[in-house]
file upload01.cif (mmCIF, C-alpha atoms)
data_model
loop_
_atom_site.group_PDB
_atom_site.id
_atom_site.type_symbol
_atom_site.label_atom_id
_atom_site.label_comp_id
_atom_site.auth_asym_id
_atom_site.auth_seq_id
_atom_site.Cartn_x
_atom_site.Cartn_y
_atom_site.Cartn_z
ATOM 1 C CA MET A 14 -5.345 13.705 5.174
ATOM 2 C CA ASP A 15 -7.784 16.385 6.355
ATOM 3 C CA ALA A 16 -6.714 19.977 6.898
ATOM 4 C CA PRO A 17 -5.023 20.458 10.306
ATOM 5 C CA VAL A 18 -7.105 21.898 13.164
ATOM 6 C CA THR A 19 -5.215 24.482 15.250
ATOM 7 C CA GLU A 20 -5.978 25.287 18.891
ATOM 8 C CA PRO A 21 -4.160 26.784 21.912
ATOM 9 C CA ASP A 22 -1.665 24.367 23.453
ATOM 10 C CA GLY A 23 -1.227 23.487 27.105
ATOM 11 C CA LEU A 24 2.317 24.880 27.099
ATOM 12 C CA GLY A 25 0.706 28.304 27.321
ATOM 13 C CA ASP A 26 1.980 31.634 26.031
ATOM 14 C CA ASP A 27 1.583 31.632 22.254
ATOM 15 C CA TRP A 28 1.994 27.897 21.644
ATOM 16 C CA VAL A 29 -0.588 26.179 19.448
ATOM 17 C CA SER A 30 -1.292 22.557 18.503
ATOM 18 C CA ARG A 31 -2.286 21.376 15.036
ATOM 19 C CA THR A 32 -4.070 18.047 14.924
ATOM 20 C CA LEU A 33 -3.013 16.069 11.865
ATOM 21 C CA ARG A 34 -5.632 13.506 10.823
ATOM 22 C CA LEU A 35 -3.947 10.292 9.694
ATOM 23 C CA GLN A 36 -5.134 7.185 7.924
ATOM 24 C CA PRO A 37 -6.932 4.862 10.365
ATOM 25 C CA ASP A 38 -4.852 1.966 11.631
ATOM 26 C CA ALA A 39 -5.691 -1.370 13.275
ATOM 27 C CA GLU A 40 -7.018 0.430 16.380
ATOM 28 C CA GLY A 41 -9.128 2.938 14.465
ATOM 29 C CA ASP A 42 -8.758 6.688 14.004
ATOM 30 C CA ALA A 43 -5.231 8.060 14.421
ATOM 31 C CA VAL A 44 -3.797 11.550 14.711
ATOM 32 C CA ALA A 45 -0.460 13.251 15.223
ATOM 33 C CA THR A 46 0.038 16.711 16.729
ATOM 34 C CA LEU A 47 2.306 19.484 15.467
ATOM 35 C CA VAL A 48 3.183 22.066 18.124
ATOM 36 C CA HIS A 49 4.566 25.508 17.299
ATOM 37 C CA ARG A 50 4.298 29.208 18.041
ATOM 38 C CA ARG A 51 1.177 30.937 16.785
ATOM 39 C CA ASP A 52 3.161 33.163 14.436
ATOM 40 C CA ALA A 53 5.490 30.424 13.130
ATOM 41 C CA GLY A 54 6.459 30.705 9.492
ATOM 42 C CA GLY A 55 8.722 32.492 7.064
ATOM 43 C CA PRO A 56 11.755 31.682 4.961
ATOM 44 C CA GLY A 57 14.184 31.338 7.871
ATOM 45 C CA PRO A 58 15.515 27.993 9.140
ATOM 46 C CA ALA A 59 13.268 25.687 11.149
ATOM 47 C CA ILE A 60 13.743 22.799 13.559
ATOM 48 C CA LEU A 61 11.346 19.853 13.833
ATOM 49 C CA TYR A 62 11.692 17.969 17.138
ATOM 50 C CA ILE A 63 10.738 14.277 17.519
ATOM 51 C CA HIS A 64 10.469 12.796 21.035
ATOM 52 C CA GLY A 65 11.379 9.341 22.307
ATOM 53 C CA PHE A 66 9.472 6.367 23.777
ATOM 54 C CA CYS A 67 7.216 7.106 26.762
ATOM 55 C CA ASP A 68 7.637 10.778 25.940
ATOM 56 C CA TYR A 69 6.154 13.837 24.259
ATOM 57 C CA PHE A 70 7.216 17.450 23.680
ATOM 58 C CA PHE A 71 7.282 19.549 26.847
ATOM 59 C CA GLN A 72 10.815 20.996 26.752
ATOM 60 C CA ASP A 73 9.911 24.597 25.943
ATOM 61 C CA HIS A 74 13.293 25.714 27.307
ATOM 62 C CA LEU A 75 14.881 23.781 24.429
ATOM 63 C CA ALA A 76 12.615 25.604 21.991
ATOM 64 C CA ARG A 77 13.621 28.980 23.411
ATOM 65 C CA ARG A 78 17.321 28.161 23.007
ATOM 66 C CA MET A 79 16.851 27.129 19.386
ATOM 67 C CA GLU A 80 14.732 30.225 18.721
ATOM 68 C CA ALA A 81 17.529 32.372 20.132
ATOM 69 C CA LEU A 82 19.742 30.904 17.396
ATOM 70 C CA GLY A 83 17.273 32.106 14.751
ATOM 71 C CA HIS A 84 15.390 28.830 14.175
ATOM 72 C CA THR A 85 11.617 28.541 14.236
ATOM 73 C CA PHE A 86 10.807 25.581 16.461
ATOM 74 C CA TYR A 87 8.261 22.854 15.752
ATOM 75 C CA ALA A 88 7.639 19.616 17.632
ATOM 76 C CA LEU A 89 5.660 16.547 16.631
ATOM 77 C CA ASP A 90 3.843 14.284 19.067
ATOM 78 C CA LEU A 91 3.650 11.035 17.112
ATOM 79 C CA ARG A 92 0.492 8.933 16.933
ATOM 80 C CA ASN A 93 -0.367 7.164 20.214
ATOM 81 C CA TYR A 94 1.938 9.551 22.115
ATOM 82 C CA GLY A 95 1.278 12.591 24.289
ATOM 83 C CA ARG A 96 -1.233 15.013 22.787
ATOM 84 C CA SER A 97 -2.004 12.477 20.065
ATOM 85 C CA LEU A 98 -2.965 9.598 22.375
ATOM 86 C CA ARG A 99 -6.670 8.707 22.191
ATOM 87 C CA PRO A 100 -8.691 6.540 24.632
ATOM 88 C CA HIS A 101 -9.026 3.663 22.153
ATOM 89 C CA GLN A 102 -5.290 3.463 21.493
ATOM 90 C CA THR A 103 -2.496 1.430 23.079
ATOM 91 C CA PRO A 104 0.025 4.003 24.344
ATOM 92 C CA ASN A 105 3.154 4.350 22.208
ATOM 93 C CA PHE A 106 2.388 1.155 20.287
ATOM 94 C CA CYS A 107 3.279 0.244 16.726
ATOM 95 C CA THR A 108 4.405 -2.873 14.885
ATOM 96 C CA ASP A 109 6.459 -1.121 12.184
ATOM 97 C CA LEU A 110 8.466 2.070 12.627
ATOM 98 C CA ALA A 111 7.682 3.023 9.024
ATOM 99 C CA VAL A 112 4.132 3.859 10.146
ATOM 100 C CA TYR A 113 5.476 7.204 11.376
ATOM 101 C CA ASP A 114 6.440 8.213 7.847
ATOM 102 C CA GLU A 115 2.913 9.538 7.339
ATOM 103 C CA GLU A 116 3.043 12.145 10.107
ATOM 104 C CA LEU A 117 6.663 13.052 9.430
ATOM 105 C CA ASP A 118 5.798 13.696 5.792
ATOM 106 C CA ALA A 119 2.724 15.705 6.812
ATOM 107 C CA ALA A 120 4.708 17.852 9.256
ATOM 108 C CA LEU A 121 7.345 18.555 6.618
ATOM 109 C CA HIS A 122 4.667 19.570 4.137
ATOM 110 C CA ILE A 123 3.284 22.119 6.600
ATOM 111 C CA ILE A 124 6.704 23.487 7.530
ATOM 112 C CA ARG A 125 8.017 23.653 3.973
ATOM 113 C CA GLU A 126 4.952 24.342 1.833
ATOM 114 C CA GLN A 127 2.504 26.125 4.133
ATOM 115 C CA HIS A 128 4.941 27.974 6.388
ATOM 116 C CA GLY A 129 7.580 28.588 3.745
ATOM 117 C CA HIS A 130 10.779 27.563 5.535
ATOM 118 C CA ARG A 131 13.663 26.965 3.149
ATOM 119 C CA ARG A 132 15.918 25.041 5.541
ATOM 120 C CA LEU A 133 14.844 22.363 7.982
ATOM 121 C CA VAL A 134 16.759 20.515 10.692
ATOM 122 C CA VAL A 135 15.218 17.414 12.280
ATOM 123 C CA MET A 136 16.086 17.151 15.978
ATOM 124 C CA SER A 137 15.305 13.910 17.781
ATOM 125 C CA HIS A 138 15.677 12.155 21.112
ATOM 126 C CA SER A 139 16.169 8.442 21.913
ATOM 127 C CA THR A 140 13.661 6.306 19.958
ATOM 128 C CA GLY A 141 12.931 9.396 17.882
ATOM 129 C CA GLY A 142 16.517 9.212 16.652
ATOM 130 C CA LEU A 143 16.018 5.673 15.380
ATOM 131 C CA ILE A 144 12.668 6.563 13.783
ATOM 132 C CA THR A 145 13.975 9.643 11.990
ATOM 133 C CA ALA A 146 17.215 7.995 10.841
ATOM 134 C CA LEU A 147 15.259 5.187 9.185
ATOM 135 C CA TRP A 148 12.756 7.660 7.723
ATOM 136 C CA ALA A 149 15.523 9.868 6.276
ATOM 137 C CA HIS A 150 17.169 6.772 4.791
ATOM 138 C CA ARG A 151 13.919 5.714 3.091
ATOM 139 C CA ARG A 152 13.048 9.183 1.879
ATOM 140 C CA GLY A 153 16.499 10.420 0.961
ATOM 141 C CA GLY A 154 17.635 13.397 2.980
ATOM 142 C CA ARG A 155 18.421 16.331 0.742
ATOM 143 C CA GLY A 156 15.344 18.024 -0.605
ATOM 144 C CA TRP A 157 13.393 16.850 2.427
ATOM 145 C CA ILE A 158 15.677 18.010 5.229
ATOM 146 C CA ASP A 159 19.018 19.780 5.469
ATOM 147 C CA ALA A 160 20.530 18.338 8.642
ATOM 148 C CA MET A 161 19.791 16.139 11.664
ATOM 149 C CA VAL A 162 20.587 16.570 15.361
ATOM 150 C CA MET A 163 20.219 13.514 17.609
ATOM 151 C CA ASN A 164 20.076 13.589 21.402
ATOM 152 C CA SER A 165 20.994 10.154 22.816
ATOM 153 C CA PRO A 166 19.514 8.177 19.913
ATOM 154 C CA TRP A 167 18.526 4.555 20.552
ATOM 155 C CA PHE A 168 20.660 2.604 18.103
ATOM 156 C CA ASP A 169 20.945 -0.780 19.838
ATOM 157 C CA LEU A 170 19.629 -2.757 22.786
ATOM 158 C CA ALA A 171 21.624 -2.431 25.981
ATOM 159 C CA GLY A 172 22.199 -5.666 27.851
ATOM 160 C CA SER A 173 23.737 -9.083 27.473
ATOM 161 C CA THR A 174 24.573 -10.916 24.257
ATOM 162 C CA PHE A 175 21.831 -13.395 25.203
ATOM 163 C CA LEU A 176 19.245 -10.606 25.356
ATOM 164 C CA ARG A 177 20.409 -9.027 22.128
ATOM 165 C CA GLY A 178 20.620 -12.373 20.308
ATOM 166 C CA PRO A 179 18.465 -15.369 21.320
ATOM 167 C CA VAL A 180 15.866 -13.322 23.227
ATOM 168 C CA THR A 181 15.494 -10.943 20.298
ATOM 169 C CA ALA A 182 15.029 -13.905 17.943
ATOM 170 C CA VAL A 183 12.273 -15.351 20.128
ATOM 171 C CA ILE A 184 10.457 -12.032 20.457
ATOM 172 C CA ASP A 185 10.692 -11.551 16.700
ATOM 173 C CA LEU A 186 8.493 -14.636 16.400
ATOM 174 C CA VAL A 187 6.252 -13.850 19.382
ATOM 175 C CA GLY A 188 5.822 -10.244 18.278
ATOM 176 C CA ALA A 189 4.288 -11.386 14.999
ATOM 177 C CA LEU A 190 1.881 -13.819 16.689
ATOM 178 C CA ALA A 191 0.981 -11.912 19.866
ATOM 179 C CA PRO A 192 1.993 -8.280 19.280
ATOM 180 C CA ARG A 193 0.300 -6.969 22.449
ATOM 181 C CA LEU A 194 1.908 -9.447 24.803
ATOM 182 C CA MET A 195 3.784 -7.565 27.515
ATOM 183 C CA VAL A 196 7.427 -8.640 27.587
ATOM 184 C CA SER A 197 8.973 -6.049 29.881
ATOM 185 C CA ARG A 198 8.539 -2.740 31.693
ATOM 186 C CA LEU A 199 10.759 0.280 32.073
ATOM 187 C CA GLY A 200 12.217 0.885 35.507
ATOM 188 C CA PRO A 201 10.995 3.956 37.449
ATOM 189 C CA HIS A 202 14.448 5.179 38.440
ATOM 190 C CA TYR A 203 15.196 7.527 35.525
ATOM 191 C CA GLY A 204 11.705 9.037 35.737
ATOM 192 C CA ARG A 205 12.069 9.670 39.458
ATOM 193 C CA SER A 206 15.405 11.368 38.858
ATOM 194 C CA ILE A 207 13.984 13.968 36.467
ATOM 195 C CA HIS A 208 10.383 14.645 37.575
ATOM 196 C CA ARG A 209 9.717 17.045 40.421
ATOM 197 C CA SER A 210 7.527 14.456 42.195
ATOM 198 C CA GLY A 211 10.760 12.514 42.749
ATOM 199 C CA THR A 212 14.191 14.084 43.093
ATOM 200 C CA GLY A 213 14.122 15.991 39.784
ATOM 201 C CA THR A 214 13.233 19.543 38.824
ATOM 202 C CA TRP A 215 11.135 19.062 35.674
ATOM 203 C CA ASP A 216 7.364 19.101 35.438
ATOM 204 C CA TYR A 217 5.399 17.279 32.752
ATOM 205 C CA ASN A 218 2.183 15.311 32.220
ATOM 206 C CA LEU A 219 2.550 11.964 33.992
ATOM 207 C CA ALA A 220 -0.396 10.526 32.059
ATOM 208 C CA TRP A 221 1.648 10.949 28.890
ATOM 209 C CA LYS A 222 5.077 10.260 30.394
ATOM 210 C CA PRO A 223 4.569 8.031 33.468
ATOM 211 C CA ILE A 224 7.359 7.617 35.982
ATOM 212 C CA GLU A 225 7.284 3.841 35.481
ATOM 213 C CA GLY A 226 6.792 4.102 31.728
ATOM 214 C CA PHE A 227 4.350 2.135 29.584
ATOM 215 C CA PRO A 228 4.496 -1.666 29.166
ATOM 216 C CA VAL A 229 6.929 -2.927 26.544
ATOM 217 C CA LEU A 230 4.848 -5.025 24.135
ATOM 218 C CA ALA A 231 6.180 -7.779 21.905
ATOM 219 C CA GLY A 232 5.103 -6.237 18.588
ATOM 220 C CA TRP A 233 6.690 -2.886 19.470
ATOM 221 C CA PHE A 234 9.900 -4.559 20.669
ATOM 222 C CA ARG A 235 10.028 -6.525 17.415
ATOM 223 C CA ALA A 236 9.707 -3.311 15.398
ATOM 224 C CA ILE A 237 12.481 -1.658 17.403
ATOM 225 C CA ARG A 238 14.883 -4.569 17.038
ATOM 226 C CA ARG A 239 14.229 -4.767 13.309
ATOM 227 C CA GLY A 240 14.978 -1.051 13.124
ATOM 228 C CA HIS A 241 18.202 -1.597 15.062
ATOM 229 C CA ALA A 242 19.216 -4.324 12.604
ATOM 230 C CA THR A 243 18.524 -2.115 9.589
ATOM 231 C CA LEU A 244 20.591 0.708 11.053
ATOM 232 C CA GLY A 245 23.379 -1.673 12.009
ATOM 233 C CA ASN A 246 23.633 -2.801 8.390
ATOM 234 C CA GLY A 247 24.251 0.812 7.365
ATOM 235 C CA LEU A 248 22.011 3.645 6.198
ATOM 236 C CA ALA A 249 22.563 6.222 3.474
ATOM 237 C CA VAL A 250 21.407 9.451 5.104
ATOM 238 C CA ASP A 251 22.943 12.100 2.862
ATOM 239 C CA VAL A 252 22.733 15.175 5.112
ATOM 240 C CA PRO A 253 25.056 16.238 7.950
ATOM 241 C CA VAL A 254 24.189 14.560 11.259
ATOM 242 C CA LEU A 255 25.149 15.550 14.803
ATOM 243 C CA VAL A 256 24.931 12.748 17.378
ATOM 244 C CA CYS A 257 25.237 13.799 21.026
ATOM 245 C CA CYS A 258 25.325 11.478 24.025
ATOM 246 C CA SER A 259 26.636 11.379 27.559
ATOM 247 C CA ASP A 260 30.211 10.419 28.313
ATOM 248 C CA ARG A 261 29.080 7.584 30.612
ATOM 249 C CA SER A 262 26.248 5.128 31.140
ATOM 250 C CA GLY A 263 24.887 4.018 34.484
ATOM 251 C CA PRO A 264 22.804 0.977 35.438
ATOM 252 C CA ASN A 265 19.203 1.226 34.222
ATOM 253 C CA ASN A 266 17.708 -1.305 36.648
ATOM 254 C CA ARG A 267 18.341 0.414 39.978
ATOM 255 C CA TRP A 268 18.864 3.749 41.647
ATOM 256 C CA HIS A 269 22.490 4.832 41.925
ATOM 257 C CA GLU A 270 24.382 7.910 43.036
ATOM 258 C CA ASP A 271 25.416 8.928 39.510
ATOM 259 C CA ILE A 272 21.924 8.756 38.002
ATOM 260 C CA THR A 273 21.879 12.554 37.540
ATOM 261 C CA ARG A 274 25.261 12.531 35.736
ATOM 262 C CA THR A 275 25.003 9.511 33.414
ATOM 263 C CA ASP A 276 22.756 8.057 30.743
ATOM 264 C CA SER A 277 20.984 5.482 32.873
ATOM 265 C CA VAL A 278 18.690 4.344 30.056
ATOM 266 C CA LEU A 279 20.953 3.512 27.089
ATOM 267 C CA ASP A 280 24.510 2.307 26.513
ATOM 268 C CA VAL A 281 26.421 5.341 25.266
ATOM 269 C CA GLU A 282 29.177 3.184 23.800
ATOM 270 C CA GLN A 283 26.583 1.592 21.516
ATOM 271 C CA ILE A 284 25.455 5.056 20.451
ATOM 272 C CA ALA A 285 29.023 6.098 19.687
ATOM 273 C CA GLY A 286 29.821 2.831 17.937
ATOM 274 C CA ARG A 287 26.785 2.893 15.663
ATOM 275 C CA ALA A 288 26.723 6.620 14.871
ATOM 276 C CA PRO A 289 28.828 6.117 11.692
ATOM 277 C CA CYS A 290 26.162 3.700 10.410
ATOM 278 C CA ILE A 291 23.810 6.621 9.696
ATOM 279 C CA GLY A 292 25.678 8.051 6.732
ATOM 280 C CA PRO A 293 28.914 9.598 5.484
ATOM 281 C CA ASP A 294 28.799 12.897 7.423
ATOM 282 C CA VAL A 295 28.296 12.210 11.131
ATOM 283 C CA THR A 296 29.767 14.218 14.011
ATOM 284 C CA LEU A 297 29.790 12.635 17.488
ATOM 285 C CA VAL A 298 29.936 14.812 20.621
ATOM 286 C CA ARG A 299 30.125 13.340 24.122
ATOM 287 C CA ILE A 300 28.619 15.506 26.878
ATOM 288 C CA ALA A 301 30.349 15.123 30.247
ATOM 289 C CA GLY A 302 27.799 14.677 33.021
ATOM 290 C CA GLY A 303 24.842 14.437 30.650
ATOM 291 C CA ILE A 304 21.789 12.280 31.339
ATOM 292 C CA HIS A 305 19.664 10.375 28.834
ATOM 293 C CA ASP A 306 17.737 13.437 27.696
ATOM 294 C CA LEU A 307 20.632 15.828 27.444
ATOM 295 C CA ALA A 308 18.246 18.799 27.366
ATOM 296 C CA LEU A 309 17.120 17.868 30.899
ATOM 297 C CA SER A 310 20.638 17.460 32.288
ATOM 298 C CA ALA A 311 21.817 19.446 35.279
ATOM 299 C CA GLU A 312 24.195 22.319 34.655
ATOM 300 C CA PRO A 313 26.846 22.589 33.370
ATOM 301 C CA ALA A 314 26.072 19.576 31.159
ATOM 302 C CA ARG A 315 22.863 21.076 29.763
ATOM 303 C CA GLU A 316 24.635 24.245 28.677
ATOM 304 C CA THR A 317 27.476 22.175 27.190
ATOM 305 C CA TYR A 318 24.919 20.298 25.100
ATOM 306 C CA PHE A 319 23.152 23.452 23.937
ATOM 307 C CA ALA A 320 26.496 25.061 23.062
ATOM 308 C CA ALA A 321 27.550 21.993 21.048
ATOM 309 C CA VAL A 322 24.283 22.093 19.089
ATOM 310 C CA ALA A 323 24.616 25.841 18.498
ATOM 311 C CA THR A 324 28.193 25.533 17.219
ATOM 312 C CA TRP A 325 27.309 22.639 14.925
ATOM 313 C CA LEU A 326 24.168 24.322 13.564
ATOM 314 C CA GLU A 327 26.153 27.452 12.766
ATOM 315 C CA ARG A 328 28.408 25.310 10.574
ATOM 316 C CA HIS A 329 25.866 22.936 9.080
ATOM 317 C CA GLY A 330 22.230 23.826 9.683
ATOM 318 C CA GLY A 331 21.831 27.577 9.796
#
call {"tool": "encode", "arguments": {"input": "upload01.cif", "output": "structure tokens"}}
result
Amino acid sequence: MDAPVTEPDGLGDDWVSRTLRLQPDAEGDAVATLVHRRDAGGPGPAILYIHGFCDYFFQDHLARRMEALGHTFYALDLRNYGRSLRPHQTPNFCTDLAVYDEELDAALHIIREQHGHRRLVVMSHSTGGLITALWAHRRGGRGWIDAMVMNSPWFDLAGSTFLRGPVTAVIDLVGALAPRLMVSRLGPHYGRSIHRSGTGTWDYNLAWKPIEGFPVLAGWFRAIRRGHATLGNGLAVDVPVLVCCSDRSGPNNRWHEDITRTDSVLDVEQIAGRAPCIGPDVTLVRIAGGIHDLALSAEPARETYFAAVATWLERHGG
């Protein structure tokens, strides 16, 4: 991998982006992007944030809260996502979640070896939780990372037994033969509830995180469901893990009056039920009134989430 190229980031202030050149894939050249403060570095603890599907790092308020706890904050836009998305690429697409090992390894090398941090916590959201759990299982946690914090990780497919069983089996076959076949789309309701163009208060790049999401393609869905199956069979992540999720789920296929107080993307009972599959030291915290991205929840749920992370990090990740 070539040496990273650093430039000012669109977040402003003193944020910078480092373009990480990756091995070319089936679509050609690929990059990932590491985002951090210009003066990041030192022996103190660090956090590496990994986003979810149809997402990228824009939550600078989250970074400020973690920095106030004494952690240097880094975020990684994975290949084909956000800052890393190139015109020749299919947004957010992959056929094997292990492909992200390359950029995760590269980011850790920079944080540990170049910037000199002695402790590292991986923080993830939604699909990022599944990706990082599987990566930590393959790599072995200790020596690479010291702890993990997961914000509404995607551990299973919400929906009927038919969808999770026979439909998954069919798409496992179709995904191998026609990986770019569109099999579904995300609903626009969650996006409208959080972005300021709808009823929400948050602003972000709609080219990178569209209200209606990106198409769900068969090869990507196959990779996700295979990841779910691996996690369901049990992982051996040997570092402390904090899993946070809302206390309730809401319907993800329509607008409803509790959309700003529930996880209306994932099934929180699945998250809670599968959290012990990660490893032997997992703490589950349910956030009353939280939405799918707990860091974007309305108050007081957002502060409850930040306080839970702060208390846990003081005990396990500081």
call {"tool": "closest_atom_pairs", "arguments": {"input": "upload01.cif", "of": "range 165-245 of chain A", "to": "range 270-280 of chain A", "cutoff": "7 Å", "atoms": "all atoms listed in the file", "output": "CSV"}}
result
residue,atom,partner,partner_atom,distance
A:Ala171,CA,A:Asp280,CA,5.6
A:Tyr203,CA,A:Ser277,CA,6.7
A:Ser206,CA,A:Thr273,CA,6.7
call {"tool": "closest_residue", "arguments": {"input": "upload01.cif", "among": "A:Ala45, A:Val252, A:Met163, A:Leu307", "to": "Ala285 in chain A", "atoms": "only C-alpha atoms"}}
result
A:Met163
call {"tool": "residues_around", "arguments": {"input": "upload01.cif", "residues": "range 234-242 of chain A", "least_positions_apart": "6", "cutoff": "12 Å", "atoms": "all atoms listed in the file", "output": "ChimeraX atom specification"}}
result
/A:66,105-112,139-148,150,166-171,176-178,180-198,228,248,283-284,287-288,290-291
call {"tool": "resolve_selection", "arguments": {"input": "upload01.cif", "expression": "the PyMOL selection byres ((chain A and resi 29) around 9)", "output": "mmCIF file with C-alpha atoms, in the coordinates of the input"}}
result
data_model
loop_
_atom_site.group_PDB
_atom_site.id
_atom_site.type_symbol
_atom_site.label_atom_id
_atom_site.label_comp_id
_atom_site.auth_asym_id
_atom_site.auth_seq_id
_atom_site.Cartn_x
_atom_site.Cartn_y
_atom_site.Cartn_z
ATOM 1 C CA THR A 19 -5.215 24.482 15.250
ATOM 2 C CA GLU A 20 -5.978 25.287 18.891
ATOM 3 C CA PRO A 21 -4.160 26.784 21.912
ATOM 4 C CA ASP A 22 -1.665 24.367 23.453
ATOM 5 C CA GLY A 23 -1.227 23.487 27.105
ATOM 6 C CA LEU A 24 2.317 24.880 27.099
ATOM 7 C CA GLY A 25 0.706 28.304 27.321
ATOM 8 C CA ASP A 26 1.980 31.634 26.031
ATOM 9 C CA ASP A 27 1.583 31.632 22.254
ATOM 10 C CA TRP A 28 1.994 27.897 21.644
ATOM 11 C CA SER A 30 -1.292 22.557 18.503
ATOM 12 C CA ARG A 31 -2.286 21.376 15.036
ATOM 13 C CA LEU A 47 2.306 19.484 15.467
ATOM 14 C CA VAL A 48 3.183 22.066 18.124
ATOM 15 C CA HIS A 49 4.566 25.508 17.299
ATOM 16 C CA ARG A 50 4.298 29.208 18.041
ATOM 17 C CA ARG A 51 1.177 30.937 16.785
#
call {"tool": "axis_aligned_box", "arguments": {"input": "upload01.cif", "around": "range 67-84 of chain A", "padding_each_side": "8 Å", "output": "AutoDock Vina command-line options"}}
result
--center_x 12.9 --center_y 19.7 --center_z 20.7 --size_x 29.6 --size_y 41.3 --size_z 29.1
call {"tool": "atom_distance", "arguments": {"input": "upload01.cif", "atom1": "CA of Val44 in chain A", "atom2": "CA of Thr32 in chain A"}}
result
6.5 Å
call {"tool": "closest_residue", "arguments": {"input": "upload01.cif", "among": "A:Ser97, A:Ser173, A:Ser310, A:Thr103", "to": "Leu35 in chain A", "atoms": "all atoms listed in the file"}}
result
A:Ser97
call {"tool": "closest_residue", "arguments": {"input": "upload01.cif", "among": "A:Ala149, A:Trp221, A:Thr324, A:Gly200", "to": "Asp90 in chain A", "atoms": "all atoms listed in the file"}}
result
A:Trp221
call {"tool": "atom_distance", "arguments": {"input": "upload01.cif", "atom1": "CA of Ala321 in chain A", "atom2": "CA of Arg299 in chain A"}}
result
9.5 Å
call {"tool": "atom_distance", "arguments": {"input": "upload01.cif", "atom1": "CA of Leu133 in chain A", "atom2": "CA of Trp157 in chain A"}}
result
8.0 Å
call {"tool": "residues_around", "arguments": {"input": "upload01.cif", "residues": "Gly211 in chain A", "least_positions_apart": "6", "cutoff": "10 Å", "atoms": "only C-alpha atoms", "output": "list in words"}}
result
His202, Tyr203, Gly204, Arg205 and Ile224 of chain A
call {"tool": "resolve_selection", "arguments": {"input": "upload01.cif", "expression": "the PyMOL selection byres ((chain A and resi 132) around 10)", "output": "MDAnalysis selection string"}}
result
chainID A and resid 56:60 84 124:125 129:131 133:134 156:160 330:331
call {"tool": "closest_residue", "arguments": {"input": "upload01.cif", "among": "A:Ala308, A:Val229, A:Ala39, A:Ala320", "to": "Pro104 in chain A", "atoms": "only C-alpha atoms"}}
result
A:Val229
call {"tool": "residues_near_point", "arguments": {"input": "upload01.cif", "point": "(2.6, 17.9, 8.2)", "cutoff": "12 Å", "atoms": "all atoms listed in the file", "output": "ChimeraX atom specification"}}
result
/A:14-18,30-35,44-48,61,87-91,113-128
call {"tool": "closest_residue", "arguments": {"input": "upload01.cif", "among": "A:Gln36, A:Ala76, A:Val295, A:Phe71", "to": "Ala249 in chain A", "atoms": "all atoms listed in the file"}}
result
A:Val295
call {"tool": "closest_residue", "arguments": {"input": "upload01.cif", "among": "A:Glu327, A:Asp294, A:Glu316, A:Asp251", "to": "Arg78 in chain A", "atoms": "all atoms listed in the file"}}
result
A:Glu316
call {"tool": "resolve_selection", "arguments": {"input": "upload01.cif", "expression": "the PyMOL selection byres ((chain A and resi 64) around 7)", "output": "PyMOL selection string"}}
result
chain A and resi 62-63+65+68-70+137-138+141
